[in-house]
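What follows is the content of entry.tsv (TSV, C-alpha atoms).
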```tsv
chain	number	residue	atom	x	y	z
Z	335	MET	CA	127.25	66.93	119.50
Z	336	THR	CA	126.60	68.48	122.91
Z	337	ARG	CA	129.68	70.22	124.23
Z	338	ARG	CA	130.85	69.56	127.76
Z	339	ALA	CA	132.61	72.03	130.04
Z	340	LEU	CA	134.36	71.50	133.36
Z	341	ILE	CA	134.43	74.44	135.76
Z	342	THR	CA	136.71	74.59	138.78
Z	343	GLY	CA	135.42	77.01	141.41
Z	344	ILE	CA	131.84	76.47	140.25
Z	345	THR	CA	130.43	77.31	143.69
Z	346	GLY	CA	131.90	80.83	143.57
Z	347	GLN	CA	130.44	84.01	142.11
Z	348	ASP	CA	131.94	83.61	138.63
Z	349	GLY	CA	131.41	79.86	138.54
Z	350	SER	CA	127.69	80.23	139.17
Z	351	TYR	CA	127.20	82.81	136.41
Z	352	LEU	CA	129.35	80.83	133.98
Z	353	ALA	CA	127.41	77.63	134.69
Z	354	GLU	CA	124.16	79.46	133.92
Z	355	LEU	CA	125.59	80.84	130.68
Z	356	LEU	CA	126.87	77.48	129.47
Z	357	LEU	CA	123.67	75.64	130.37
Z	358	ASP	CA	121.69	78.24	128.43
Z	359	LYS	CA	123.95	77.51	125.44
Z	360	GLY	CA	123.20	73.81	125.65
Z	361	TYR	CA	126.40	72.60	127.30
Z	362	GLU	CA	126.72	69.74	129.72
Z	363	VAL	CA	128.37	71.29	132.77
Z	364	VAL	CA	130.59	69.51	135.27
Z	365	GLY	CA	131.64	71.35	138.41
Z	366	MET	CA	134.77	70.37	140.29
Z	367	VAL	CA	134.43	70.84	144.05
Z	368	ARG	CA	136.77	70.09	146.92
Z	369	ARG	CA	135.73	67.22	149.14
Z	370	SER	CA	134.92	68.64	152.58
Z	371	SER	CA	132.33	68.29	155.31
Z	372	THR	CA	130.71	71.62	154.35
Z	373	VAL	CA	130.52	72.68	150.72
Z	374	ASN	CA	128.62	75.93	150.15
Z	375	TYR	CA	126.23	75.45	147.23
Z	376	GLU	CA	124.30	78.67	147.96
Z	377	ARG	CA	125.16	80.37	144.67
Z	378	ILE	CA	124.30	77.35	142.52
Z	379	GLY	CA	121.44	75.86	144.53
Z	380	HIS	CA	119.07	76.57	141.65
Z	381	LEU	CA	121.34	74.61	139.27
Z	382	MET	CA	121.82	71.43	141.31
Z	383	ASP	CA	119.60	69.34	139.03
Z	384	SER	CA	121.39	70.55	135.89
Z	385	VAL	CA	125.08	70.29	136.85
Z	386	LYS	CA	127.21	67.20	137.49
Z	387	PHE	CA	129.74	67.43	140.29
Z	388	HIS	CA	133.15	65.83	140.63
Z	389	SER	CA	135.38	65.86	143.71
Z	390	GLY	CA	138.80	67.31	142.99
Z	391	ASP	CA	141.38	69.74	144.30
Z	392	LEU	CA	143.93	72.01	142.65
Z	393	LEU	CA	146.43	70.74	145.24
Z	394	ASP	CA	146.09	67.19	143.92
Z	395	GLN	CA	146.99	66.60	140.27
Z	396	LEU	CA	145.75	63.01	140.21
Z	397	SER	CA	142.22	64.15	141.05
Z	398	MET	CA	142.30	66.50	138.06
Z	399	VAL	CA	143.60	63.79	135.75
Z	400	GLU	CA	140.75	61.54	136.90
Z	401	ALA	CA	138.18	64.30	136.37
Z	402	LEU	CA	139.36	64.85	132.80
Z	403	GLN	CA	139.47	61.13	132.04
Z	404	GLU	CA	135.98	60.51	133.43
Z	405	HIS	CA	134.14	63.48	131.92
Z	406	ARG	CA	136.18	64.24	128.77
Z	407	PRO	CA	135.32	67.96	128.61
Z	408	ASP	CA	135.75	70.04	125.48
Z	409	GLU	CA	136.48	73.14	127.57
Z	410	VAL	CA	137.95	73.68	131.04
Z	411	TYR	CA	137.46	76.95	132.92
Z	412	ASN	CA	139.83	77.35	135.87
Z	413	LEU	CA	138.11	79.75	138.27
Z	414	ALA	CA	139.18	78.10	141.53
Z	415	ALA	CA	141.69	79.97	143.70
Z	416	GLN	CA	142.35	81.42	147.10
Z	417	SER	CA	140.92	84.66	145.79
Z	418	PHE	CA	140.72	87.02	148.78
Z	419	VAL	CA	143.64	89.47	148.59
Z	420	GLN	CA	143.72	90.27	152.32
Z	421	THR	CA	143.84	86.56	153.23
Z	422	SER	CA	146.80	86.03	150.92
Z	423	PHE	CA	148.99	88.10	153.24
Z	424	GLY	CA	148.19	85.76	156.13
Z	425	GLN	CA	148.32	82.57	154.04
Z	426	PRO	CA	150.89	83.26	151.31
Z	427	VAL	CA	152.09	79.66	150.88
Z	428	LEU	CA	148.57	78.24	150.55
Z	429	THR	CA	147.73	81.04	148.11
Z	430	GLY	CA	150.79	80.16	146.01
Z	431	GLU	CA	150.01	76.46	146.04
Z	432	THR	CA	146.39	76.93	144.99
Z	433	THR	CA	146.32	80.09	142.91
Z	434	GLY	CA	149.73	79.58	141.27
Z	435	LEU	CA	150.88	75.97	141.19
Z	436	GLY	CA	147.29	74.72	140.96
Z	437	VAL	CA	147.19	76.12	137.42
Z	438	THR	CA	150.27	74.10	136.47
Z	439	ARG	CA	148.74	70.90	137.81
Z	440	LEU	CA	145.58	71.44	135.77
Z	441	LEU	CA	147.42	72.40	132.58
Z	442	ASP	CA	149.68	69.36	132.89
Z	443	ALA	CA	146.64	67.13	133.42
Z	444	ILE	CA	145.19	68.50	130.17
Z	445	ARG	CA	148.51	67.91	128.37
Z	446	LEU	CA	148.54	64.29	129.54
Z	447	VAL	CA	144.86	63.41	129.05
Z	448	ASP	CA	143.75	65.41	126.00
Z	449	PRO	CA	145.75	68.35	124.57
Z	450	GLU	CA	142.73	69.28	122.40
Z	451	ILE	CA	140.82	70.55	125.46
Z	452	ARG	CA	140.40	74.32	125.38
Z	453	PHE	CA	141.51	75.99	128.62
Z	454	TYR	CA	140.58	79.28	130.28
Z	455	GLN	CA	142.68	80.72	133.10
Z	456	ALA	CA	141.19	83.35	135.40
Z	457	SER	CA	143.96	85.94	135.54
Z	458	SER	CA	143.47	89.19	137.46
Z	459	SER	CA	143.99	92.93	137.32
Z	460	GLU	CA	145.80	92.51	140.67
Z	461	MET	CA	148.76	91.36	138.58
Z	462	PHE	CA	149.30	94.97	137.49
Z	463	GLY	CA	149.51	96.14	141.11
Z	464	LYS	CA	151.70	99.22	141.24
Z	465	VAL	CA	150.73	100.17	137.73
Z	466	ARG	CA	153.29	101.28	135.15
Z	467	GLU	CA	150.76	102.93	132.84
Z	468	VAL	CA	147.15	104.07	132.78
Z	469	PRO	CA	145.01	102.44	131.50
Z	470	GLN	CA	146.35	98.89	131.70
Z	471	ASN	CA	146.24	96.59	128.68
Z	472	GLU	CA	147.61	93.19	127.69
Z	473	ASN	CA	151.14	94.57	127.27
Z	474	THR	CA	151.36	96.50	130.56
Z	475	PRO	CA	154.19	95.14	132.79
Z	476	PHE	CA	153.18	93.40	136.01
Z	477	HIS	CA	154.07	94.65	139.49
Z	478	PRO	CA	151.85	92.69	141.92
Z	479	ARG	CA	151.41	94.06	145.43
Z	480	SER	CA	150.10	90.99	147.28
Z	481	PRO	CA	150.85	87.25	147.48
Z	482	TYR	CA	147.56	86.79	145.61
Z	483	GLY	CA	148.74	89.03	142.78
Z	484	VAL	CA	152.10	87.27	142.64
Z	485	ALA	CA	150.40	83.86	142.45
Z	486	LYS	CA	148.13	85.09	139.67
Z	487	VAL	CA	151.18	86.27	137.70
Z	488	TYR	CA	152.63	82.76	137.97
Z	489	GLY	CA	149.33	81.22	136.85
Z	490	HIS	CA	149.15	83.63	133.94
Z	491	TRP	CA	152.68	82.99	132.67
Z	492	ILE	CA	152.49	79.21	133.08
Z	493	THR	CA	149.37	79.35	130.91
Z	494	VAL	CA	151.32	81.26	128.25
Z	495	ASN	CA	154.18	78.78	128.61
Z	496	TYR	CA	151.98	75.71	128.07
Z	497	ARG	CA	150.34	77.42	125.10
Z	498	GLU	CA	153.71	78.12	123.50
Z	499	SER	CA	155.44	74.89	124.56
Z	500	TYR	CA	152.71	72.33	123.88
Z	501	GLY	CA	150.34	74.10	121.50
Z	502	LEU	CA	147.44	74.09	123.95
Z	503	HIS	CA	144.42	76.29	123.23
Z	504	ALA	CA	144.97	78.11	126.53
Z	505	SER	CA	143.73	81.66	127.06
Z	506	SER	CA	143.86	84.00	130.04
Z	507	GLY	CA	141.23	86.57	130.95
Z	508	MET	CA	142.88	89.46	132.78
Z	509	LEU	CA	139.66	90.43	134.50
Z	510	PHE	CA	139.34	93.67	136.39
Z	511	ASN	CA	137.13	93.84	139.48
Z	512	HIS	CA	133.73	92.33	138.79
Z	513	GLU	CA	130.94	92.18	141.34
Z	514	SER	CA	127.36	91.03	141.85
Z	515	PRO	CA	124.89	90.15	144.61
Z	516	ARG	CA	126.66	86.76	144.73
Z	517	ARG	CA	129.97	88.29	145.85
Z	518	GLY	CA	131.19	87.02	149.22
Z	519	LEU	CA	130.79	89.19	152.31
Z	520	GLU	CA	134.56	89.31	152.82
Z	521	PHE	CA	134.95	91.47	149.69
Z	522	VAL	CA	134.71	95.22	150.17
Z	523	THR	CA	131.97	95.79	147.58
Z	524	ARG	CA	129.60	93.27	149.17
Z	525	LYS	CA	130.61	94.50	152.62
Z	526	ILE	CA	129.44	97.95	151.52
Z	527	SER	CA	126.15	96.88	149.93
Z	528	HIS	CA	125.31	94.60	152.84
Z	529	GLY	CA	126.34	97.24	155.37
Z	530	ALA	CA	124.18	99.91	153.74
Z	531	ALA	CA	121.21	97.53	153.74
Z	532	GLN	CA	121.75	96.65	157.41
Z	533	ILE	CA	121.92	100.30	158.43
Z	534	ALA	CA	118.84	101.17	156.37
Z	535	LEU	CA	116.90	98.43	158.18
Z	536	GLY	CA	118.11	99.50	161.60
Z	537	LYS	CA	120.29	96.40	162.09
Z	538	ALA	CA	123.54	98.40	162.35
Z	539	THR	CA	124.68	101.99	162.77
Z	540	GLU	CA	128.13	102.12	161.18
Z	541	LEU	CA	130.28	100.49	158.53
Z	542	ARG	CA	134.04	100.18	159.12
Z	543	LEU	CA	136.30	100.14	156.05
Z	544	GLY	CA	139.94	100.62	155.13
Z	545	ASN	CA	141.29	102.81	152.31
Z	546	LEU	CA	138.41	104.77	150.80
Z	547	GLU	CA	140.58	106.38	148.12
Z	548	ALA	CA	141.62	103.19	146.33
Z	549	LYS	CA	140.41	103.32	142.73
Z	550	ARG	CA	139.06	100.31	140.84
Z	551	ASP	CA	137.47	99.42	137.52
Z	552	TRP	CA	134.24	97.68	138.59
Z	553	GLY	CA	131.94	95.70	136.29
Z	554	PHE	CA	129.20	93.08	136.53
Z	555	ALA	CA	130.31	89.45	136.90
Z	556	GLY	CA	127.52	88.24	134.62
Z	557	ASP	CA	129.01	90.28	131.78
Z	558	TYR	CA	132.53	89.02	132.40
Z	559	VAL	CA	131.76	85.29	132.19
Z	560	ASP	CA	130.46	85.93	128.67
Z	561	ALA	CA	133.94	87.17	127.78
Z	562	MET	CA	135.44	83.95	129.17
Z	563	TRP	CA	133.26	81.85	126.90
Z	564	ARG	CA	134.03	83.99	123.87
Z	565	MET	CA	137.77	83.49	124.36
Z	566	LEU	CA	137.45	79.73	124.00
Z	567	GLN	CA	135.43	80.07	120.79
Z	568	GLN	CA	138.31	81.77	118.96
Z	569	ASP	CA	140.43	79.91	116.42
Z	570	GLU	CA	143.60	81.00	118.20
Z	571	PRO	CA	144.16	81.35	121.97
Z	572	ASP	CA	145.30	84.66	123.44
Z	573	ASP	CA	145.18	86.87	126.53
Z	574	TYR	CA	142.50	89.52	127.02
Z	575	VAL	CA	141.91	92.40	129.40
Z	576	VAL	CA	138.24	92.49	130.44
Z	577	CYS	CA	137.03	95.69	132.08
Z	578	THR	CA	134.72	98.71	131.78
Z	579	GLY	CA	137.38	101.38	131.24
Z	580	GLU	CA	135.95	103.47	134.09
Z	581	THR	CA	137.50	103.99	137.51
Z	582	HIS	CA	135.75	104.77	140.80
Z	583	THR	CA	136.96	105.06	144.38
Z	584	VAL	CA	135.77	102.92	147.26
Z	585	ARG	CA	134.29	106.16	148.60
Z	586	GLU	CA	132.18	106.54	145.44
Z	587	PHE	CA	130.96	102.97	145.85
Z	588	CYS	CA	129.88	103.83	149.41
Z	589	GLU	CA	128.15	107.01	148.28
Z	590	ALA	CA	126.17	105.20	145.59
Z	591	ALA	CA	125.21	102.36	147.95
Z	592	PHE	CA	123.97	104.62	150.75
Z	593	ALA	CA	122.21	106.91	148.30
Z	594	ARG	CA	120.21	103.90	147.14
Z	595	VAL	CA	118.68	103.61	150.63
Z	596	GLY	CA	118.29	107.37	151.11
Z	597	LEU	CA	121.25	107.81	153.47
Z	598	ASP	CA	124.51	109.80	153.48
Z	599	ALA	CA	127.59	107.59	153.54
Z	600	ASP	CA	129.54	110.20	155.52
Z	601	ASP	CA	127.17	109.70	158.44
Z	602	HIS	CA	127.86	105.98	158.74
Z	603	VAL	CA	131.20	104.98	157.16
Z	604	VAL	CA	134.17	104.89	159.55
Z	605	VAL	CA	137.77	104.50	158.36
Z	606	ASP	CA	139.51	101.75	160.33
Z	607	GLU	CA	143.25	101.24	159.77
Z	608	ARG	CA	142.92	97.57	160.66
Z	609	PHE	CA	141.53	97.03	157.17
Z	610	TYR	CA	144.47	98.60	155.34
Z	611	ARG	CA	146.65	96.19	153.34
Z	612	PRO	CA	150.42	95.95	153.96
Z	613	ALA	CA	150.92	97.04	150.33
Z	614	GLU	CA	148.06	98.84	148.60
Z	615	VAL	CA	147.04	98.94	144.95
Z	616	ASP	CA	146.02	102.55	144.44
Z	617	LEU	CA	144.63	102.63	140.90
Z	618	LEU	CA	143.34	100.03	138.46
Z	619	VAL	CA	141.57	100.90	135.21
Z	620	GLY	CA	141.74	98.82	132.07
Z	621	ASP	CA	141.60	99.04	128.30
Z	622	SER	CA	139.53	96.22	126.80
Z	623	SER	CA	139.98	97.22	123.14
Z	624	ARG	CA	141.31	93.77	122.18
Z	625	ALA	CA	138.26	92.06	123.71
Z	626	ALA	CA	135.96	94.48	121.90
Z	627	ASP	CA	137.72	94.06	118.53
Z	628	ARG	CA	138.32	90.31	118.52
Z	629	LEU	CA	135.59	88.94	120.78
Z	630	GLY	CA	132.87	91.48	120.10
Z	631	TRP	CA	132.53	91.89	123.86
Z	632	GLN	CA	131.22	94.96	125.69
Z	633	PRO	CA	130.06	95.45	129.29
Z	634	THR	CA	126.32	96.02	129.65
Z	635	MET	CA	125.82	97.18	133.26
Z	636	SER	CA	126.79	100.64	134.50
Z	637	PHE	CA	128.61	101.28	137.77
Z	638	THR	CA	125.56	102.87	139.41
Z	639	LYS	CA	123.26	100.06	138.28
Z	640	LEU	CA	125.70	97.49	139.63
Z	641	VAL	CA	125.81	99.11	143.07
Z	642	GLU	CA	122.03	99.52	143.20
Z	643	THR	CA	121.49	95.89	142.17
Z	644	MET	CA	123.74	94.69	144.98
Z	645	VAL	CA	122.07	96.89	147.59
Z	646	ASP	CA	118.58	95.84	146.47
Z	647	ALA	CA	119.55	92.16	146.71
Z	648	ASP	CA	120.96	92.62	150.21
Z	649	LEU	CA	117.80	94.42	151.33
Z	650	ALA	CA	115.73	91.51	150.02
Z	651	LEU	CA	118.07	89.01	151.68
Z	652	LEU	CA	117.92	90.72	155.07
Z	653	GLU	CA	114.14	91.11	154.88
Z	654	GLY	CA	113.68	87.44	154.04
Z	655	ARG	CA	112.42	88.09	150.53
Z	656	LEU	CA	115.42	86.33	148.98
Z	657	ASP	CA	116.44	82.95	150.37
Z	658	ARG	CA	119.46	82.45	148.09
Z	659	LEU	CA	121.63	84.49	145.78
Z	660	ALA	CA	120.22	83.02	142.58
```
Please, can you express the file's structure as structure tokens?
Amino acid sequence: MTRRALITGITGQDGSYLAELLLDKGYEVVGMVRRSSTVNYERIGHLMDSVKFHSGDLLDQLSMVEALQEHRPDEVYNLAAQSFVQTSFGQPVLTGETTGLGVTRLLDAIRLVDPEIRFYQASSSEMFGKVREVPQNENTPFHPRSPYGVAKVYGHWITVNYRESYGLHASSGMLFNHESPRRGLEFVTRKISHGAAQIALGKATELRLGNLEAKRDWGFAGDYVDAMWRMLQQDEPDDYVVCTGETHTVREFCEAAFARVGLDADDHVVVDERFYRPAEVDLLVGDSSRAADRLGWQPTMSFTKLVETMVDADLALLEGRLDRLA
């Protein structure tokens, strides 16, 4: 029988790559989207004829119950969230309601409608925050440094709680930073790739950024959604760190991006304290041994290739050679 998956956050970066992956595997895919006057389908425009859509909201449990009752998915992937760290400082309550309590509403809907549904929760490396050990693995204590990170910790532990309390097949992917040409412009990596492309084309002269010394473990989003799917194919649910095991500074990301267009980042990047966070996460680098051993998962795209791919896509976008991020 054809398997059916429901994806919350399908219009985002990860949702678009996951939808492609599942469709390629023969799934029926249902995407849950919030009802609003302007829904951005840019990332999944090429999939509109292949995906079913259902109006729902993580703030409204009844809408999730109705989605599960109508579509009867075998798997649910919860990717929806208020996912921009900087915004979470300005909207901490909304971030908690969506990114934290929204997970509870969805898990409880599964418990009520069909406890056999397999559930994936998008946890985050931001949960580690002020890290207690390097590298970080599934047993590293959490010390989040933003309302977003705090909300993700809640979502992570409520997933564990429902797994242990009700026997749900509920797994969490503790994903480290993962990027692509489909990343939103508000994220620093896309801001860099887009800024480098603009400067190379003479559309700008400088790029203003915050902390250039922050270190992250960056991978390709297309690789990471494969890990999500693999988690739900296991006999037993569990939590998995998904990462590359390499760390690079924001400065290195800038250098690689500007080098791609034949420029020197030092000539164009300006540090602006307005972009510093109230509490910074200085270093994130993970250990994905469990994912490698149990899931057979490995990242496929190098850091340099990732940066170059993003810059190339932004050049094509700005030159009118790419009309969507498909």
- Using only C-alpha atoms, find the one residue out of Z:Tyr574, Z:Met644, Z:Asp598, Z:Leu541 that sits nearest to Asn473 (chain Z). Z:Tyr574
- Note on the structure: Between CA of Asp348 (chain Z) and CA of Lys386 (chain Z) lies a distance of 17.1 Å
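When all atoms listed in the file are used to compute distances to Arg550 (chain Z), the closest of the residues Z:Leu509, Z:Leu441, Z:Val419, Z:Val584 turns out to be Z:Val584.
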Taking (156.4, 76.5, 140.4) as a centre in this file's frame and 12 Å as the limit, can you find every polymer residue with an atom that close, using all atoms listed in the file, and give them as an mmCIF file with C-alpha atoms, keeping the file's coordinate frame?
```
data_model
loop_
_atom_site.group_PDB
_atom_site.id
_atom_site.type_symbol
_atom_site.label_atom_id
_atom_site.label_comp_id
_atom_site.auth_asym_id
_atom_site.auth_seq_id
_atom_site.Cartn_x
_atom_site.Cartn_y
_atom_site.Cartn_z
ATOM 1 C CA VAL Z 427 152.090 79.660 150.880
ATOM 2 C CA GLY Z 430 150.790 80.160 146.010
ATOM 3 C CA GLU Z 431 150.010 76.460 146.040
ATOM 4 C CA THR Z 432 146.390 76.930 144.990
ATOM 5 C CA THR Z 433 146.320 80.090 142.910
ATOM 6 C CA GLY Z 434 149.730 79.580 141.270
ATOM 7 C CA LEU Z 435 150.880 75.970 141.190
ATOM 8 C CA GLY Z 436 147.290 74.720 140.960
ATOM 9 C CA VAL Z 437 147.190 76.120 137.420
ATOM 10 C CA THR Z 438 150.270 74.100 136.470
ATOM 11 C CA ARG Z 439 148.740 70.900 137.810
ATOM 12 C CA VAL Z 484 152.100 87.270 142.640
ATOM 13 C CA ALA Z 485 150.400 83.860 142.450
ATOM 14 C CA LYS Z 486 148.130 85.090 139.670
ATOM 15 C CA VAL Z 487 151.180 86.270 137.700
ATOM 16 C CA TYR Z 488 152.630 82.760 137.970
ATOM 17 C CA GLY Z 489 149.330 81.220 136.850
ATOM 18 C CA TRP Z 491 152.680 82.990 132.670
ATOM 19 C CA ILE Z 492 152.490 79.210 133.080
#
```
Considering all atoms listed in the file, return as a PDB file with C-alpha atoms, keeping the file's coordinate frame whatever protein or nucleic-acid residues lie within 6 Å of region 613-629 of chain Z, sequence-local ones (same chain, fewer than 6 positions apart) excluded.
```pdb
ATOM      1  CA  GLY Z 463     149.510  96.140 141.110  1.00  0.00           C
ATOM      2  CA  LYS Z 464     151.700  99.220 141.240  1.00  0.00           C
ATOM      3  CA  PRO Z 469     145.010 102.440 131.500  1.00  0.00           C
ATOM      4  CA  GLN Z 470     146.350  98.890 131.700  1.00  0.00           C
ATOM      5  CA  ASN Z 471     146.240  96.590 128.680  1.00  0.00           C
ATOM      6  CA  ARG Z 479     151.410  94.060 145.430  1.00  0.00           C
ATOM      7  CA  ALA Z 548     141.620 103.190 146.330  1.00  0.00           C
ATOM      8  CA  LYS Z 549     140.410 103.320 142.730  1.00  0.00           C
ATOM      9  CA  ARG Z 550     139.060 100.310 140.840  1.00  0.00           C
ATOM     10  CA  ASP Z 551     137.470  99.420 137.520  1.00  0.00           C
ATOM     11  CA  TYR Z 574     142.500  89.520 127.020  1.00  0.00           C
ATOM     12  CA  VAL Z 575     141.910  92.400 129.400  1.00  0.00           C
ATOM     13  CA  VAL Z 576     138.240  92.490 130.440  1.00  0.00           C
ATOM     14  CA  CYS Z 577     137.030  95.690 132.080  1.00  0.00           C
ATOM     15  CA  GLY Z 579     137.380 101.380 131.240  1.00  0.00           C
ATOM     16  CA  THR Z 581     137.500 103.990 137.510  1.00  0.00           C
TER      17      THR Z 581
END
```
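Proximity to Asn374 (chain Z) at 9 Å, evaluated using all atoms listed in the file and with sequence-adjacent residues fewer than 2 positions away removed, yields Thr345, Gly346, Thr372, Glu376, Arg377 and Ile378 of chain Z.
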- Pick from Z:Gln567, Z:Thr583, Z:Ser480, Z:Gln532: nearest to Leu546 (chain Z), with only C-alpha atoms counted? Z:Thr583
- Message: Can you tell me which residues surround Glu400 (chain Z) at a distance of at most 12 Å, considering all atoms listed in the file, apart from same-chain residues fewer than 6 positions away, and format the answer as a list of chain:residue names?
- Response: Z:Met366, Z:His388, Z:Ser389, Z:Gly390, Z:Asp391, Z:Asp394, Z:Arg406, Z:Pro407, Z:Leu440, Z:Ala443, Z:Ile444, Z:Leu446, Z:Val447, Z:Asp448
Would you save the residues of that selection, restricted to C-alpha atoms, as a JSON list (two decimals), keeping the file's coordinate frame?
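Once written, part-v3.json looks like this:
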```json
[["chain", "number", "residue", "atom", "x", "y", "z"],
["Z", 366, "MET", "CA", 134.77, 70.37, 140.29],
["Z", 388, "HIS", "CA", 133.15, 65.83, 140.63],
["Z", 389, "SER", "CA", 135.38, 65.86, 143.71],
["Z", 390, "GLY", "CA", 138.80, 67.31, 142.99],
["Z", 391, "ASP", "CA", 141.38, 69.74, 144.30],
["Z", 394, "ASP", "CA", 146.09, 67.19, 143.92],
["Z", 406, "ARG", "CA", 136.18, 64.24, 128.77],
["Z", 407, "PRO", "CA", 135.32, 67.96, 128.61],
["Z", 440, "LEU", "CA", 145.58, 71.44, 135.77],
["Z", 443, "ALA", "CA", 146.64, 67.13, 133.42],
["Z", 444, "ILE", "CA", 145.19, 68.50, 130.17],
["Z", 446, "LEU", "CA", 148.54, 64.29, 129.54],
["Z", 447, "VAL", "CA", 144.86, 63.41, 129.05],
["Z", 448, "ASP", "CA", 143.75, 65.41, 126.00]]
```
- Task: Please work out which residues fall within 8 Å of (133.0, 68.9, 127.9), coordinates as given in the file, with only C-alpha atoms counting, and return them as a count of residues only.
- Result: 14
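Nearest residue to Gln420 (chain Z), choosing from Z:Phe510, Z:Trp552, Z:Tyr482, Z:Phe637 and counting all atoms listed in the file: Z:Tyr482.
In this model, the gap between CA of Gly349 (chain Z) and CA of Gly365 (chain Z) comes to 8.5 Å.
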- Nearest-residue call for Ala599 (chain Z), choices Z:Leu652, Z:Val494, Z:Ala534, Z:Met382, using only C-alpha atoms: Z:Ala534
- Item | Length of the CA of Leu543 (chain Z) to CA of Val595 (chain Z) vector [Å] | 18.8 Å
Could you give me the centre and size, in Å to one decimal, of an axis-aligned box around all listed atoms of region 462-481 of chain Z with 6 Å added on every side, as lines of an AutoDock Vina configuration file?
```
center_x = 149.6
center_y = 95.7
center_z = 137.4
size_x = 21.2
size_y = 28.8
size_z = 32.2
```
- Counting only C-alpha atoms, closest pick from Z:Arg466, Z:Pro481, Z:Arg516, Z:Leu413 relative to Tyr375 (chain Z) is Z:Arg516
- Message: What's around Pro633 (chain Z) at 9 Å? Count all atoms listed in the file, leave out sequence neighbours fewer than 6 positions away in its own chain, and write the answer as a PyMOL selection string.
- Response: chain Z and resi 553-554+557-558+576-578
Fill-in result for region 382-393 of chain Z, N, CA and C atoms as a PDB file, in the coordinates of the input:
```
ATOM      1  N   MET Z 382     121.371  72.738 140.832  1.00  0.00           N
ATOM      2  CA  MET Z 382     121.820  71.430 141.310  1.00  0.00           C
ATOM      3  C   MET Z 382     121.328  70.275 140.447  1.00  0.00           C
ATOM      4  N   ASP Z 383     120.152  70.416 139.858  1.00  0.00           N
ATOM      5  CA  ASP Z 383     119.600  69.340 139.030  1.00  0.00           C
ATOM      6  C   ASP Z 383     120.158  69.355 137.612  1.00  0.00           C
ATOM      7  N   SER Z 384     120.911  70.403 137.268  1.00  0.00           N
ATOM      8  CA  SER Z 384     121.390  70.550 135.890  1.00  0.00           C
ATOM      9  C   SER Z 384     122.889  70.333 135.750  1.00  0.00           C
ATOM     10  N   VAL Z 385     123.619  70.367 136.864  1.00  0.00           N
ATOM     11  CA  VAL Z 385     125.080  70.290 136.850  1.00  0.00           C
ATOM     12  C   VAL Z 385     125.535  68.977 137.471  1.00  0.00           C
ATOM     13  N   LYS Z 386     126.547  68.357 136.876  1.00  0.00           N
ATOM     14  CA  LYS Z 386     127.210  67.200 137.490  1.00  0.00           C
ATOM     15  C   LYS Z 386     128.370  67.708 138.340  1.00  0.00           C
ATOM     16  N   PHE Z 387     128.654  67.004 139.416  1.00  0.00           N
ATOM     17  CA  PHE Z 387     129.740  67.430 140.290  1.00  0.00           C
ATOM     18  C   PHE Z 387     130.786  66.318 140.405  1.00  0.00           C
ATOM     19  N   HIS Z 388     132.037  66.767 140.506  1.00  0.00           N
ATOM     20  CA  HIS Z 388     133.150  65.830 140.630  1.00  0.00           C
ATOM     21  C   HIS Z 388     134.080  66.340 141.718  1.00  0.00           C
ATOM     22  N   SER Z 389     134.463  65.469 142.648  1.00  0.00           N
ATOM     23  CA  SER Z 389     135.380  65.860 143.710  1.00  0.00           C
ATOM     24  C   SER Z 389     136.796  65.977 143.164  1.00  0.00           C
ATOM     25  N   GLY Z 390     137.429  67.098 143.436  1.00  0.00           N
ATOM     26  CA  GLY Z 390     138.800  67.310 142.990  1.00  0.00           C
ATOM     27  C   GLY Z 390     139.387  68.504 143.695  1.00  0.00           C
ATOM     28  N   ASP Z 391     140.704  68.673 143.571  1.00  0.00           N
ATOM     29  CA  ASP Z 391     141.380  69.740 144.300  1.00  0.00           C
ATOM     30  C   ASP Z 391     142.589  70.183 143.490  1.00  0.00           C
ATOM     31  N   LEU Z 392     142.781  71.492 143.377  1.00  0.00           N
ATOM     32  CA  LEU Z 392     143.930  72.010 142.650  1.00  0.00           C
ATOM     33  C   LEU Z 392     145.260  71.650 143.320  1.00  0.00           C
ATOM     34  N   LEU Z 393     145.215  71.186 144.557  1.00  0.00           N
ATOM     35  CA  LEU Z 393     146.430  70.740 145.240  1.00  0.00           C
ATOM     36  C   LEU Z 393     146.780  69.300 144.907  1.00  0.00           C
TER      37      LEU Z 393
END
```
